[in-house]
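Heads up: the structure comes next, in structure tokens.
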Amino acid sequence: MGLTKEQIAQRISKELKDGYYVNLGIGIPTLVANYIPEGINVVLQSENGLLGMGPFPEEGKEDADLINAGKQTITTLPGSAIFDSAMSFGMIRAGKVHLTVLGAMEVADNGDIANWKIPNKMVKGMGGAMDLVAAAKNIIVAMQHTNPKGESKLLAQCSLPLTGIKCVTKVVTDLGVFEITPEGFKCVEHAPDVSIEEIKAKTAGRLVIAQDLKPVAI
Amino acid sequence: MGLTKEQIAQRISKELKDGYYVNLGIGIPTLVANYIPEGINVVLQSENGLLGMGPFPEEGKEDADLINAGKQTITTLPGSAIFDSAMSFGMIRAGKVHLTVLGAMEVADNGDIANWKIPNKMVKGMGGAMDLVAAAKNIIVAMQHTNPKGESKLLAQCSLPLTGIKCVTKVVTDLGVFEITPEGFKCVEHAPDVSIEEIKAKTAGRLVIAQDLKPVAI
Amino acid sequence: MSINKVVASADEAIKDIPDGATIMFGGFGLCGLPENCIAALVKKGTTNLTCISNNAGVDDFGIGLMLHKKQVKKMIASYVGENAEFERQLLSGELEVELIPQGTLATRCLIAGYGIPFVPVLAGVGTEVAIGKETLSRNGKEYLIEEAFDASFAIVKAWKGDTMGNLIFKDTARNFNPLMAMAGKITIAEVEELVQPGELDPNMIHTPGIYVHRIFQGSHYEKRIEQRTVRKAN
Amino acid sequence: MSINKVVASADEAIKDIPDGATIMFGGFGLCGLPENCIAALVKKGTTNLTCISNNAGVDDFGIGLMLHKKQVKKMIASYVGENAEFERQLLSGELEVELIPQGTLATRCLIAGYGIPFVPVLAGVGTEVAIGKETLSRNGKEYLIEEAFDASFAIVKAWKGDTMGNLIFKDTARNFNPLMAMAGKITIAEVEELVQPGELDPNMIHTPGIYVHRIFQGSHYEKRIEQRTVRKAN
């Protein structure tokens, strides 16, 4: 029994610091917004041109002109700012966004990430993912440790086409928390019910276990 | 008796076409705004960030926040737009401004212009002049034909540090109208009271006289 | 100084766009789309088009409507999901697609509007996006050199605009619209509300009229929502 | 989400700017100057500064006040006329000056704020501005490669701002202010009116708060006029 998606999001929310501007990708990353710790003020950036993304609108108050990068209807908050897509990626590229949380299909032990294309399947495009991973200073990947076939998604080398190279700083999966280090994935926290042996068995890339390994505190 | 400054400006105003966006430099070029022909709608751009520059304010209505590139207090007009300096030079560089009228210290017969620096004198800087001459598609120079010492300002080669190369399309002086052509300055109009001989005597660069030379119509 | 850019209708605005033209379309997903001009292009049947737009619409809305009528030869976009007809044409080889990172797409519009010929970006370095592209090293990093777009037409949708072409966008319907407005050689703007010069605050113009060549008040905006997400009322 | 960027005063805002720092100052001529921060820097006597600003003020206003106290080591600007003390220091060799075409100056701010390391420009090609600069050919033209600015601090003046750092500028006092706000590693904004989040329309923000690190409401704005030009009332 590893972490649930909600628990992965909850664990990532502990990376938030007061005053952070944060970009949350589609999927598990979006859930992080539900676990912002008390006393921590963060501003969510949506790369289609919004700082200060608020919750979904109340039923009947949806506005087609106000969506997030996942095309979902959203709201603004007091202090929100709207801008065009060039400024949006400009502030990302300039390092003004402190933390980016993304999903991934594969992560390599050097920080490479693949999350946009599966060859021989319909290609939908990279959207803003390549820009985000090339620019963000702190990129955390939120994903399941293995794919539906049970194969590791933490690899020595990505098999899928890359989204970006040497850019991921940390991976949070259902099995634990892994920092990208020169020695490969460094397991710093494990899911409470998950053994080191299971993590080793399910991690294909280089893996080191932190001296001070501890259980993920949820 | 050549053209007055006002007559030079009036002659240049005939180059305006309906729908033009125009940047007028400091000095004689500014006067062009007083002679916009009937039925011709133009928008004046001020490179400090304004489209739709209006006249000076009425006494007592000056606003320190509303100035032109010459730092003079001005007004907006219905339909004006304000923007930052990057967009201002962006639209100039992108060729959206149809006509730029500038003063000059020297113009060469290949279209080079010098108007920003006199060596061994205090250097004030190029301001936006280098950007304008590098970018504008149609640059008309408005100036006196000779300097205070009586020396020609229409030269084979500029003696002063250049502002831009091969960029001037036309020069209007107190003596006449000169197009820049592969053959040098082509005199297409002469000031009513000025002879071809005087123009030849006062033009140091290559000069050709148009077949259909005519007097400047004021 | 009142330069009048008003045209009578979407039909009038797009009538000289020839077959084979390259057109930019503002919008992100289905948000901020120039619905009237797309409808007019579908009606006129202009074909063999290269479309530059962040997305390709859905099956029955946005650029999807033009795909359905096989008017599009090539699509340049960052994300083209949610579109079965698109997928069919792509897999059958009827449609060319060039995928570009979203920030690069936006920046290539910006630099076109600012008269800058190319821009160095990190997005795509080390990926298949970099294949065949010129690179330049700077500060120990390798950058891809990306070119300014060169599109004959840009078609954008604004919230309000005046007869001189000044535009204001609403909320995230802004997205690529002001960028493409700057980038088009001829820019067509459809607006929800067309006003007279002086009705818009000069300080609050998103796209100055110098970048806009034709403007008209659109009608019957459907403004479809792609992902309707709501929460319980308190 | 209300990130609070408010500091108590100009003194507080500039207190950690060290001697020898590189500072950008918004403004064009005397229009849109951060008067309160300049006064605080003069009071504190921070010295050996490199100042990036379109102009250098006049003898007794703007950056001229810092020149008078010999706080400026180097001035990077596009136009530095109208300033006798400036001229004296320059001719005596006390002051270094780097002159940059105005559009290049603006664009080097923009690209710093957009994370773009360099930009190709035509301004200055064939002139002494080009001496020693890297060039690149494109489409048969030669471009100068101009670098993004790298300034530790940017000090700007806005009309209104909220506690989260969102800024709105008024009329041509906008000029370089939003560009420098984006370009500074630490950006300090002084505003005529400081308001609460929600009081500014999100659609009408010129500088999003993400670019601003410190904000305060200034006082006693003199807003001096450099060239008072008027016409007869009708």
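By order of appearance in the structure tokens: chains A, B, ..., then residues from 1 within every chain, and ligands from 1 in the order shown.
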Residues of chain B that have any atom at most 6 Å from an atom of chain D: could you tabulate them with the shortest-distance atom pair and the distance in Å to one decimal, using only C-alpha atoms, ordered by chain and increasing number, as a Markdown table?
```
| residue | atom | partner | partner_atom | distance |
| --- | --- | --- | --- | --- |
| B:Asn48 | CA | D:Asn175 | CA | 5.7 |
| B:Gly49 | CA | D:Asn175 | CA | 5.9 |
| B:Phe56 | CA | D:Val230 | CA | 4.9 |
| B:Pro57 | CA | D:Val230 | CA | 5.0 |
| B:Glu58 | CA | D:Arg231 | CA | 5.0 |
| B:Glu59 | CA | D:Val230 | CA | 5.3 |
| B:Ala64 | CA | D:Ile225 | CA | 5.3 |
| B:Asp65 | CA | D:Ala173 | CA | 5.0 |
| B:Leu66 | CA | D:Thr172 | CA | 5.1 |
| B:Lys71 | CA | D:Gln227 | CA | 5.7 |
| B:Gln72 | CA | D:Gln227 | CA | 4.6 |
| B:Thr73 | CA | D:Thr229 | CA | 5.4 |
| B:Asp84 | CA | D:Asn175 | CA | 4.6 |
| B:Ser85 | CA | D:Asn175 | CA | 5.0 |
| B:Ala86 | CA | D:Ala106 | CA | 4.9 |
| B:Phe89 | CA | D:Gly103 | CA | 5.2 |
| B:Lys124 | CA | D:Gly81 | CA | 4.6 |
| B:Gly125 | CA | D:Tyr79 | CA | 4.3 |
| B:Met126 | CA | D:Ser78 | CA | 6.0 |
| B:Gly127 | CA | D:Ser78 | CA | 4.6 |
| B:Gly128 | CA | D:Gln102 | CA | 4.7 |
| B:Met130 | CA | D:Ala123 | CA | 5.2 |
| B:Asp131 | CA | D:Ala123 | CA | 4.6 |
| B:Ala134 | CA | D:Ala123 | CA | 5.1 |
| B:Leu162 | CA | D:Thr127 | CA | 5.3 |
```
(request) Write out as number ranges by chain which residues come within 10 Å of region 6-11 of chain B when counting only C-alpha atoms, dropping same-chain ones fewer than 2 positions away. (result) B: 2-4, 13-16, 27-37, 101, 142-144, 172-177, 191, 216-218
(message) So, with only C-alpha atoms as the atoms that count, which of D:Cys51, D:Met24, D:Met204, D:Val156 lies closest to chain C?
(response) D:Met204
With chain A held fixed, move chain B onto it by a least-squares fit of all C-alpha atoms in order and give the output as a PDB file with C-alpha atoms, in the first residue's frame.
```pdb
ATOM      1  CA  MET B   1       0.039  -0.004   0.002  1.00  0.00           C
ATOM      2  CA  GLY B   2       1.856   3.060  -1.199  1.00  0.00           C
ATOM      3  CA  LEU B   3       0.702   6.649  -1.022  1.00  0.00           C
ATOM      4  CA  THR B   4      -2.575   7.650  -2.634  1.00  0.00           C
ATOM      5  CA  LYS B   5      -2.611  10.413  -5.221  1.00  0.00           C
ATOM      6  CA  GLU B   6      -3.918  12.724  -2.537  1.00  0.00           C
ATOM      7  CA  GLN B   7      -1.074  11.741  -0.213  1.00  0.00           C
ATOM      8  CA  ILE B   8       1.500  12.358  -2.966  1.00  0.00           C
ATOM      9  CA  ALA B   9       0.004  15.823  -3.435  1.00  0.00           C
ATOM     10  CA  GLN B  10      -0.048  16.380   0.309  1.00  0.00           C
ATOM     11  CA  ARG B  11       3.621  15.429   0.590  1.00  0.00           C
ATOM     12  CA  ILE B  12       4.558  17.800  -2.232  1.00  0.00           C
ATOM     13  CA  SER B  13       2.637  20.597  -0.526  1.00  0.00           C
ATOM     14  CA  LYS B  14       5.275  20.490   2.216  1.00  0.00           C
ATOM     15  CA  GLU B  15       7.791  21.803  -0.349  1.00  0.00           C
ATOM     16  CA  LEU B  16       5.838  25.063  -0.556  1.00  0.00           C
ATOM     17  CA  LYS B  17       7.382  28.053   1.146  1.00  0.00           C
ATOM     18  CA  ASP B  18       5.706  31.299   2.047  1.00  0.00           C
ATOM     19  CA  GLY B  19       5.831  33.705  -0.871  1.00  0.00           C
ATOM     20  CA  TYR B  20       6.275  31.042  -3.534  1.00  0.00           C
ATOM     21  CA  TYR B  21       4.887  31.388  -7.041  1.00  0.00           C
ATOM     22  CA  VAL B  22       3.996  27.896  -8.199  1.00  0.00           C
ATOM     23  CA  ASN B  23       2.988  26.244 -11.458  1.00  0.00           C
ATOM     24  CA  LEU B  24       1.016  23.031 -11.056  1.00  0.00           C
ATOM     25  CA  GLY B  25       0.627  20.671 -13.993  1.00  0.00           C
ATOM     26  CA  ILE B  26      -2.405  18.594 -14.881  1.00  0.00           C
ATOM     27  CA  GLY B  27      -3.230  15.469 -12.826  1.00  0.00           C
ATOM     28  CA  ILE B  28      -1.767  14.794  -9.376  1.00  0.00           C
ATOM     29  CA  PRO B  29       0.036  18.196  -9.378  1.00  0.00           C
ATOM     30  CA  THR B  30      -3.317  19.995  -9.502  1.00  0.00           C
ATOM     31  CA  LEU B  31      -4.271  18.323  -6.217  1.00  0.00           C
ATOM     32  CA  VAL B  32      -1.384  20.077  -4.446  1.00  0.00           C
ATOM     33  CA  ALA B  33      -3.551  23.222  -4.362  1.00  0.00           C
ATOM     34  CA  ASN B  34      -5.858  21.431  -1.899  1.00  0.00           C
ATOM     35  CA  TYR B  35      -3.087  20.980   0.683  1.00  0.00           C
ATOM     36  CA  ILE B  36      -1.425  24.363   0.989  1.00  0.00           C
ATOM     37  CA  PRO B  37      -0.213  24.498   4.595  1.00  0.00           C
ATOM     38  CA  GLU B  38      -1.644  26.949   7.094  1.00  0.00           C
ATOM     39  CA  GLY B  39       0.287  30.224   7.163  1.00  0.00           C
ATOM     40  CA  ILE B  40       1.915  29.605   3.806  1.00  0.00           C
ATOM     41  CA  ASN B  41       0.874  32.079   1.118  1.00  0.00           C
ATOM     42  CA  VAL B  42       1.526  30.973  -2.419  1.00  0.00           C
ATOM     43  CA  VAL B  43       0.336  32.257  -5.788  1.00  0.00           C
ATOM     44  CA  LEU B  44      -0.576  29.727  -8.460  1.00  0.00           C
ATOM     45  CA  GLN B  45       0.483  30.503 -12.013  1.00  0.00           C
ATOM     46  CA  SER B  46      -1.419  29.147 -14.973  1.00  0.00           C
ATOM     47  CA  GLU B  47       0.730  29.347 -18.089  1.00  0.00           C
ATOM     48  CA  ASN B  48      -2.130  30.455 -20.318  1.00  0.00           C
ATOM     49  CA  GLY B  49      -1.763  33.846 -18.661  1.00  0.00           C
ATOM     50  CA  LEU B  50      -2.855  34.096 -15.042  1.00  0.00           C
ATOM     51  CA  LEU B  51      -1.231  34.660 -11.682  1.00  0.00           C
ATOM     52  CA  GLY B  52      -3.516  33.972  -8.736  1.00  0.00           C
ATOM     53  CA  MET B  53      -5.564  31.028  -9.910  1.00  0.00           C
ATOM     54  CA  GLY B  54      -8.558  30.518  -7.649  1.00  0.00           C
ATOM     55  CA  PRO B  55     -10.852  27.515  -7.167  1.00  0.00           C
ATOM     56  CA  PHE B  56     -13.397  26.282  -9.686  1.00  0.00           C
ATOM     57  CA  PRO B  57     -16.369  28.621 -10.011  1.00  0.00           C
ATOM     58  CA  GLU B  58     -19.627  27.924  -8.277  1.00  0.00           C
ATOM     59  CA  GLU B  59     -22.111  26.128 -10.472  1.00  0.00           C
ATOM     60  CA  GLY B  60     -23.666  28.582 -12.894  1.00  0.00           C
ATOM     61  CA  LYS B  61     -20.801  31.065 -12.547  1.00  0.00           C
ATOM     62  CA  GLU B  62     -18.506  29.473 -15.127  1.00  0.00           C
ATOM     63  CA  ASP B  63     -16.997  31.990 -17.527  1.00  0.00           C
ATOM     64  CA  ALA B  64     -15.707  30.722 -20.880  1.00  0.00           C
ATOM     65  CA  ASP B  65     -13.156  33.553 -20.851  1.00  0.00           C
ATOM     66  CA  LEU B  66     -11.543  32.352 -17.632  1.00  0.00           C
ATOM     67  CA  ILE B  67      -9.820  28.986 -17.841  1.00  0.00           C
ATOM     68  CA  ASN B  68      -6.580  27.382 -16.703  1.00  0.00           C
ATOM     69  CA  ALA B  69      -3.930  25.642 -18.796  1.00  0.00           C
ATOM     70  CA  GLY B  70      -5.960  22.417 -18.557  1.00  0.00           C
ATOM     71  CA  LYS B  71      -8.877  24.331 -20.152  1.00  0.00           C
ATOM     72  CA  GLN B  72     -10.913  24.005 -16.949  1.00  0.00           C
ATOM     73  CA  THR B  73     -13.148  26.861 -15.855  1.00  0.00           C
ATOM     74  CA  ILE B  74     -11.589  28.607 -12.866  1.00  0.00           C
ATOM     75  CA  THR B  75     -11.780  31.874 -10.928  1.00  0.00           C
ATOM     76  CA  THR B  76      -9.468  34.740 -10.081  1.00  0.00           C
ATOM     77  CA  LEU B  77      -8.636  35.879  -6.563  1.00  0.00           C
ATOM     78  CA  PRO B  78      -8.055  39.333  -5.099  1.00  0.00           C
ATOM     79  CA  GLY B  79      -4.630  40.348  -6.414  1.00  0.00           C
ATOM     80  CA  SER B  80      -4.774  38.217  -9.554  1.00  0.00           C
ATOM     81  CA  ALA B  81      -3.088  39.450 -12.726  1.00  0.00           C
ATOM     82  CA  ILE B  82      -3.777  38.497 -16.341  1.00  0.00           C
ATOM     83  CA  PHE B  83      -1.176  38.670 -19.106  1.00  0.00           C
ATOM     84  CA  ASP B  84      -0.406  37.246 -22.524  1.00  0.00           C
ATOM     85  CA  SER B  85       1.322  33.940 -23.211  1.00  0.00           C
ATOM     86  CA  ALA B  86       4.677  35.541 -24.015  1.00  0.00           C
ATOM     87  CA  MET B  87       4.876  37.258 -20.641  1.00  0.00           C
ATOM     88  CA  SER B  88       3.640  34.073 -18.993  1.00  0.00           C
ATOM     89  CA  PHE B  89       6.511  31.995 -20.327  1.00  0.00           C
ATOM     90  CA  GLY B  90       8.786  34.998 -19.909  1.00  0.00           C
ATOM     91  CA  MET B  91       8.337  34.961 -16.152  1.00  0.00           C
ATOM     92  CA  ILE B  92       8.805  31.183 -16.140  1.00  0.00           C
ATOM     93  CA  ARG B  93      11.982  31.439 -18.216  1.00  0.00           C
ATOM     94  CA  ALA B  94      13.313  34.271 -16.077  1.00  0.00           C
ATOM     95  CA  GLY B  95      13.097  32.045 -13.008  1.00  0.00           C
ATOM     96  CA  LYS B  96      10.369  34.028 -11.257  1.00  0.00           C
ATOM     97  CA  VAL B  97       8.277  30.890 -10.680  1.00  0.00           C
ATOM     98  CA  HIS B  98       9.795  29.143  -7.661  1.00  0.00           C
ATOM     99  CA  LEU B  99       8.376  25.687  -8.065  1.00  0.00           C
ATOM    100  CA  THR B 100       6.900  23.638 -10.880  1.00  0.00           C
ATOM    101  CA  VAL B 101       5.109  20.361 -10.199  1.00  0.00           C
ATOM    102  CA  LEU B 102       4.624  18.077 -13.183  1.00  0.00           C
ATOM    103  CA  GLY B 103       3.466  14.605 -13.998  1.00  0.00           C
ATOM    104  CA  ALA B 104       5.750  12.321 -16.008  1.00  0.00           C
ATOM    105  CA  MET B 105       5.789   9.078 -17.923  1.00  0.00           C
ATOM    106  CA  GLU B 106       9.474   8.485 -17.141  1.00  0.00           C
ATOM    107  CA  VAL B 107      12.248  10.147 -15.165  1.00  0.00           C
ATOM    108  CA  ALA B 108      15.913   9.225 -15.537  1.00  0.00           C
ATOM    109  CA  ASP B 109      18.385   9.179 -12.675  1.00  0.00           C
ATOM    110  CA  ASN B 110      20.172  12.207 -14.153  1.00  0.00           C
ATOM    111  CA  GLY B 111      16.988  14.309 -14.050  1.00  0.00           C
ATOM    112  CA  ASP B 112      15.867  13.796 -17.659  1.00  0.00           C
ATOM    113  CA  ILE B 113      12.099  13.716 -18.042  1.00  0.00           C
ATOM    114  CA  ALA B 114       9.753  12.267 -20.660  1.00  0.00           C
ATOM    115  CA  ASN B 115       6.116  13.220 -20.477  1.00  0.00           C
ATOM    116  CA  TRP B 116       4.820  14.306 -23.862  1.00  0.00           C
ATOM    117  CA  LYS B 117       4.980  11.608 -26.482  1.00  0.00           C
ATOM    118  CA  ILE B 118       4.592   7.891 -26.942  1.00  0.00           C
ATOM    119  CA  PRO B 119       5.904   6.857 -30.371  1.00  0.00           C
ATOM    120  CA  ASN B 120       3.364   5.129 -32.596  1.00  0.00           C
ATOM    121  CA  LYS B 121       0.539   6.539 -30.531  1.00  0.00           C
ATOM    122  CA  MET B 122      -1.323   9.724 -31.410  1.00  0.00           C
ATOM    123  CA  VAL B 123       0.890  12.676 -30.547  1.00  0.00           C
ATOM    124  CA  LYS B 124      -0.963  15.465 -28.846  1.00  0.00           C
ATOM    125  CA  GLY B 125       1.924  17.863 -28.449  1.00  0.00           C
ATOM    126  CA  MET B 126       4.123  19.176 -25.678  1.00  0.00           C
ATOM    127  CA  GLY B 127       2.029  22.200 -24.799  1.00  0.00           C
ATOM    128  CA  GLY B 128       4.030  24.202 -22.263  1.00  0.00           C
ATOM    129  CA  ALA B 129       5.864  21.237 -20.761  1.00  0.00           C
ATOM    130  CA  MET B 130       9.153  21.722 -22.630  1.00  0.00           C
ATOM    131  CA  ASP B 131       9.256  25.404 -21.746  1.00  0.00           C
ATOM    132  CA  LEU B 132       8.544  24.683 -18.101  1.00  0.00           C
ATOM    133  CA  VAL B 133      11.163  21.981 -17.672  1.00  0.00           C
ATOM    134  CA  ALA B 134      13.786  23.973 -19.559  1.00  0.00           C
ATOM    135  CA  ALA B 135      13.290  27.040 -17.415  1.00  0.00           C
ATOM    136  CA  ALA B 136      12.061  26.247 -13.930  1.00  0.00           C
ATOM    137  CA  LYS B 137      14.656  26.173 -11.189  1.00  0.00           C
ATOM    138  CA  ASN B 138      12.894  23.627  -9.033  1.00  0.00           C
ATOM    139  CA  ILE B 139      10.938  20.888 -10.751  1.00  0.00           C
ATOM    140  CA  ILE B 140       9.197  18.210  -8.735  1.00  0.00           C
ATOM    141  CA  VAL B 141       7.656  15.275 -10.529  1.00  0.00           C
ATOM    142  CA  ALA B 142       4.523  13.702  -9.088  1.00  0.00           C
ATOM    143  CA  MET B 143       3.728  10.262 -10.512  1.00  0.00           C
ATOM    144  CA  GLN B 144       3.157   6.592  -9.871  1.00  0.00           C
ATOM    145  CA  HIS B 145       6.391   4.679  -9.344  1.00  0.00           C
ATOM    146  CA  THR B 146       5.501   2.077 -11.964  1.00  0.00           C
ATOM    147  CA  ASN B 147       3.412   2.034 -15.116  1.00  0.00           C
ATOM    148  CA  PRO B 148       0.215  -0.045 -15.470  1.00  0.00           C
ATOM    149  CA  LYS B 149       2.358  -3.007 -16.568  1.00  0.00           C
ATOM    150  CA  GLY B 150       4.294  -2.783 -13.312  1.00  0.00           C
ATOM    151  CA  GLU B 151       7.464  -1.490 -14.978  1.00  0.00           C
ATOM    152  CA  SER B 152       9.565   1.139 -13.241  1.00  0.00           C
ATOM    153  CA  LYS B 153       9.159   4.747 -14.378  1.00  0.00           C
ATOM    154  CA  LEU B 154      12.391   5.688 -12.555  1.00  0.00           C
ATOM    155  CA  LEU B 155      14.997   4.680 -15.102  1.00  0.00           C
ATOM    156  CA  ALA B 156      18.688   4.789 -15.883  1.00  0.00           C
ATOM    157  CA  GLN B 157      17.726   6.394 -19.170  1.00  0.00           C
ATOM    158  CA  CYS B 158      14.354   7.456 -20.540  1.00  0.00           C
ATOM    159  CA  SER B 159      13.055   5.190 -23.289  1.00  0.00           C
ATOM    160  CA  LEU B 160      10.435   7.703 -24.466  1.00  0.00           C
ATOM    161  CA  PRO B 161      11.195  10.941 -26.322  1.00  0.00           C
ATOM    162  CA  LEU B 162      12.522  13.505 -23.869  1.00  0.00           C
ATOM    163  CA  THR B 163      10.704  16.599 -22.715  1.00  0.00           C
ATOM    164  CA  GLY B 164      13.815  18.058 -21.117  1.00  0.00           C
ATOM    165  CA  ILE B 165      17.251  17.093 -19.923  1.00  0.00           C
ATOM    166  CA  LYS B 166      18.766  17.140 -16.426  1.00  0.00           C
ATOM    167  CA  CYS B 167      16.007  19.283 -15.032  1.00  0.00           C
ATOM    168  CA  VAL B 168      14.065  17.331 -12.416  1.00  0.00           C
ATOM    169  CA  THR B 169      15.123  18.001  -8.830  1.00  0.00           C
ATOM    170  CA  LYS B 170      12.836  15.627  -6.967  1.00  0.00           C
ATOM    171  CA  VAL B 171      10.360  12.830  -7.658  1.00  0.00           C
ATOM    172  CA  VAL B 172       7.469  11.980  -5.345  1.00  0.00           C
ATOM    173  CA  THR B 173       5.768   8.664  -6.080  1.00  0.00           C
ATOM    174  CA  ASP B 174       3.424   6.318  -4.306  1.00  0.00           C
ATOM    175  CA  LEU B 175       6.534   4.607  -2.899  1.00  0.00           C
ATOM    176  CA  GLY B 176       8.474   7.566  -1.567  1.00  0.00           C
ATOM    177  CA  VAL B 177      10.460  10.738  -2.130  1.00  0.00           C
ATOM    178  CA  PHE B 178      13.533  10.670  -4.375  1.00  0.00           C
ATOM    179  CA  GLU B 179      16.043  13.465  -4.882  1.00  0.00           C
ATOM    180  CA  ILE B 180      18.050  13.588  -8.097  1.00  0.00           C
ATOM    181  CA  THR B 181      21.728  13.492  -7.115  1.00  0.00           C
ATOM    182  CA  PRO B 182      24.988  12.768  -8.946  1.00  0.00           C
ATOM    183  CA  GLU B 183      24.608   9.237  -7.559  1.00  0.00           C
ATOM    184  CA  GLY B 184      21.166   8.841  -9.062  1.00  0.00           C
ATOM    185  CA  PHE B 185      17.810   8.683  -7.277  1.00  0.00           C
ATOM    186  CA  LYS B 186      18.349   9.251  -3.578  1.00  0.00           C
ATOM    187  CA  CYS B 187      15.475   7.829  -1.587  1.00  0.00           C
ATOM    188  CA  VAL B 188      15.042  10.206   1.341  1.00  0.00           C
ATOM    189  CA  GLU B 189      11.562   9.139   2.438  1.00  0.00           C
ATOM    190  CA  HIS B 190       9.602   5.965   1.958  1.00  0.00           C
ATOM    191  CA  ALA B 191       5.841   5.448   2.072  1.00  0.00           C
ATOM    192  CA  PRO B 192       5.000   4.144   5.567  1.00  0.00           C
ATOM    193  CA  ASP B 193       3.972   0.681   4.437  1.00  0.00           C
ATOM    194  CA  VAL B 194       6.596   0.261   1.745  1.00  0.00           C
ATOM    195  CA  SER B 195       9.868  -1.544   2.303  1.00  0.00           C
ATOM    196  CA  ILE B 196      13.297  -0.619   1.022  1.00  0.00           C
ATOM    197  CA  GLU B 197      13.312  -3.914  -0.814  1.00  0.00           C
ATOM    198  CA  GLU B 198      10.151  -3.048  -2.722  1.00  0.00           C
ATOM    199  CA  ILE B 199      11.593   0.359  -3.657  1.00  0.00           C
ATOM    200  CA  LYS B 200      14.803  -1.270  -4.859  1.00  0.00           C
ATOM    201  CA  ALA B 201      12.866  -3.848  -6.852  1.00  0.00           C
ATOM    202  CA  LYS B 202      10.731  -1.238  -8.546  1.00  0.00           C
ATOM    203  CA  THR B 203      13.442   1.317  -9.344  1.00  0.00           C
ATOM    204  CA  ALA B 204      15.338   0.647 -12.572  1.00  0.00           C
ATOM    205  CA  GLY B 205      17.669   3.661 -12.383  1.00  0.00           C
ATOM    206  CA  ARG B 206      20.595   4.062 -10.005  1.00  0.00           C
ATOM    207  CA  LEU B 207      19.272   4.222  -6.456  1.00  0.00           C
ATOM    208  CA  VAL B 208      20.875   5.212  -3.196  1.00  0.00           C
ATOM    209  CA  ILE B 209      19.162   5.132   0.156  1.00  0.00           C
ATOM    210  CA  ALA B 210      19.625   8.151   2.407  1.00  0.00           C
ATOM    211  CA  GLN B 211      21.403   7.547   5.730  1.00  0.00           C
ATOM    212  CA  ASP B 212      18.588   9.344   7.474  1.00  0.00           C
ATOM    213  CA  LEU B 213      15.791   7.680   5.526  1.00  0.00           C
ATOM    214  CA  LYS B 214      12.457   8.218   7.188  1.00  0.00           C
ATOM    215  CA  PRO B 215       8.848   7.474   6.490  1.00  0.00           C
ATOM    216  CA  VAL B 216       6.826  10.048   4.561  1.00  0.00           C
ATOM    217  CA  ALA B 217       5.010  12.134   7.124  1.00  0.00           C
ATOM    218  CA  ILE B 218       1.476  12.793   5.918  1.00  0.00           C
TER     219      ILE B 218
END
```
(request) List every residue of region 7-136 of chain B that DSSP, applied to the backbone of this structure, places in helix (DSSP H, G or I), and write the result as number ranges by chain. (result) B: 7-13, 28-35, 85-93, 129-135
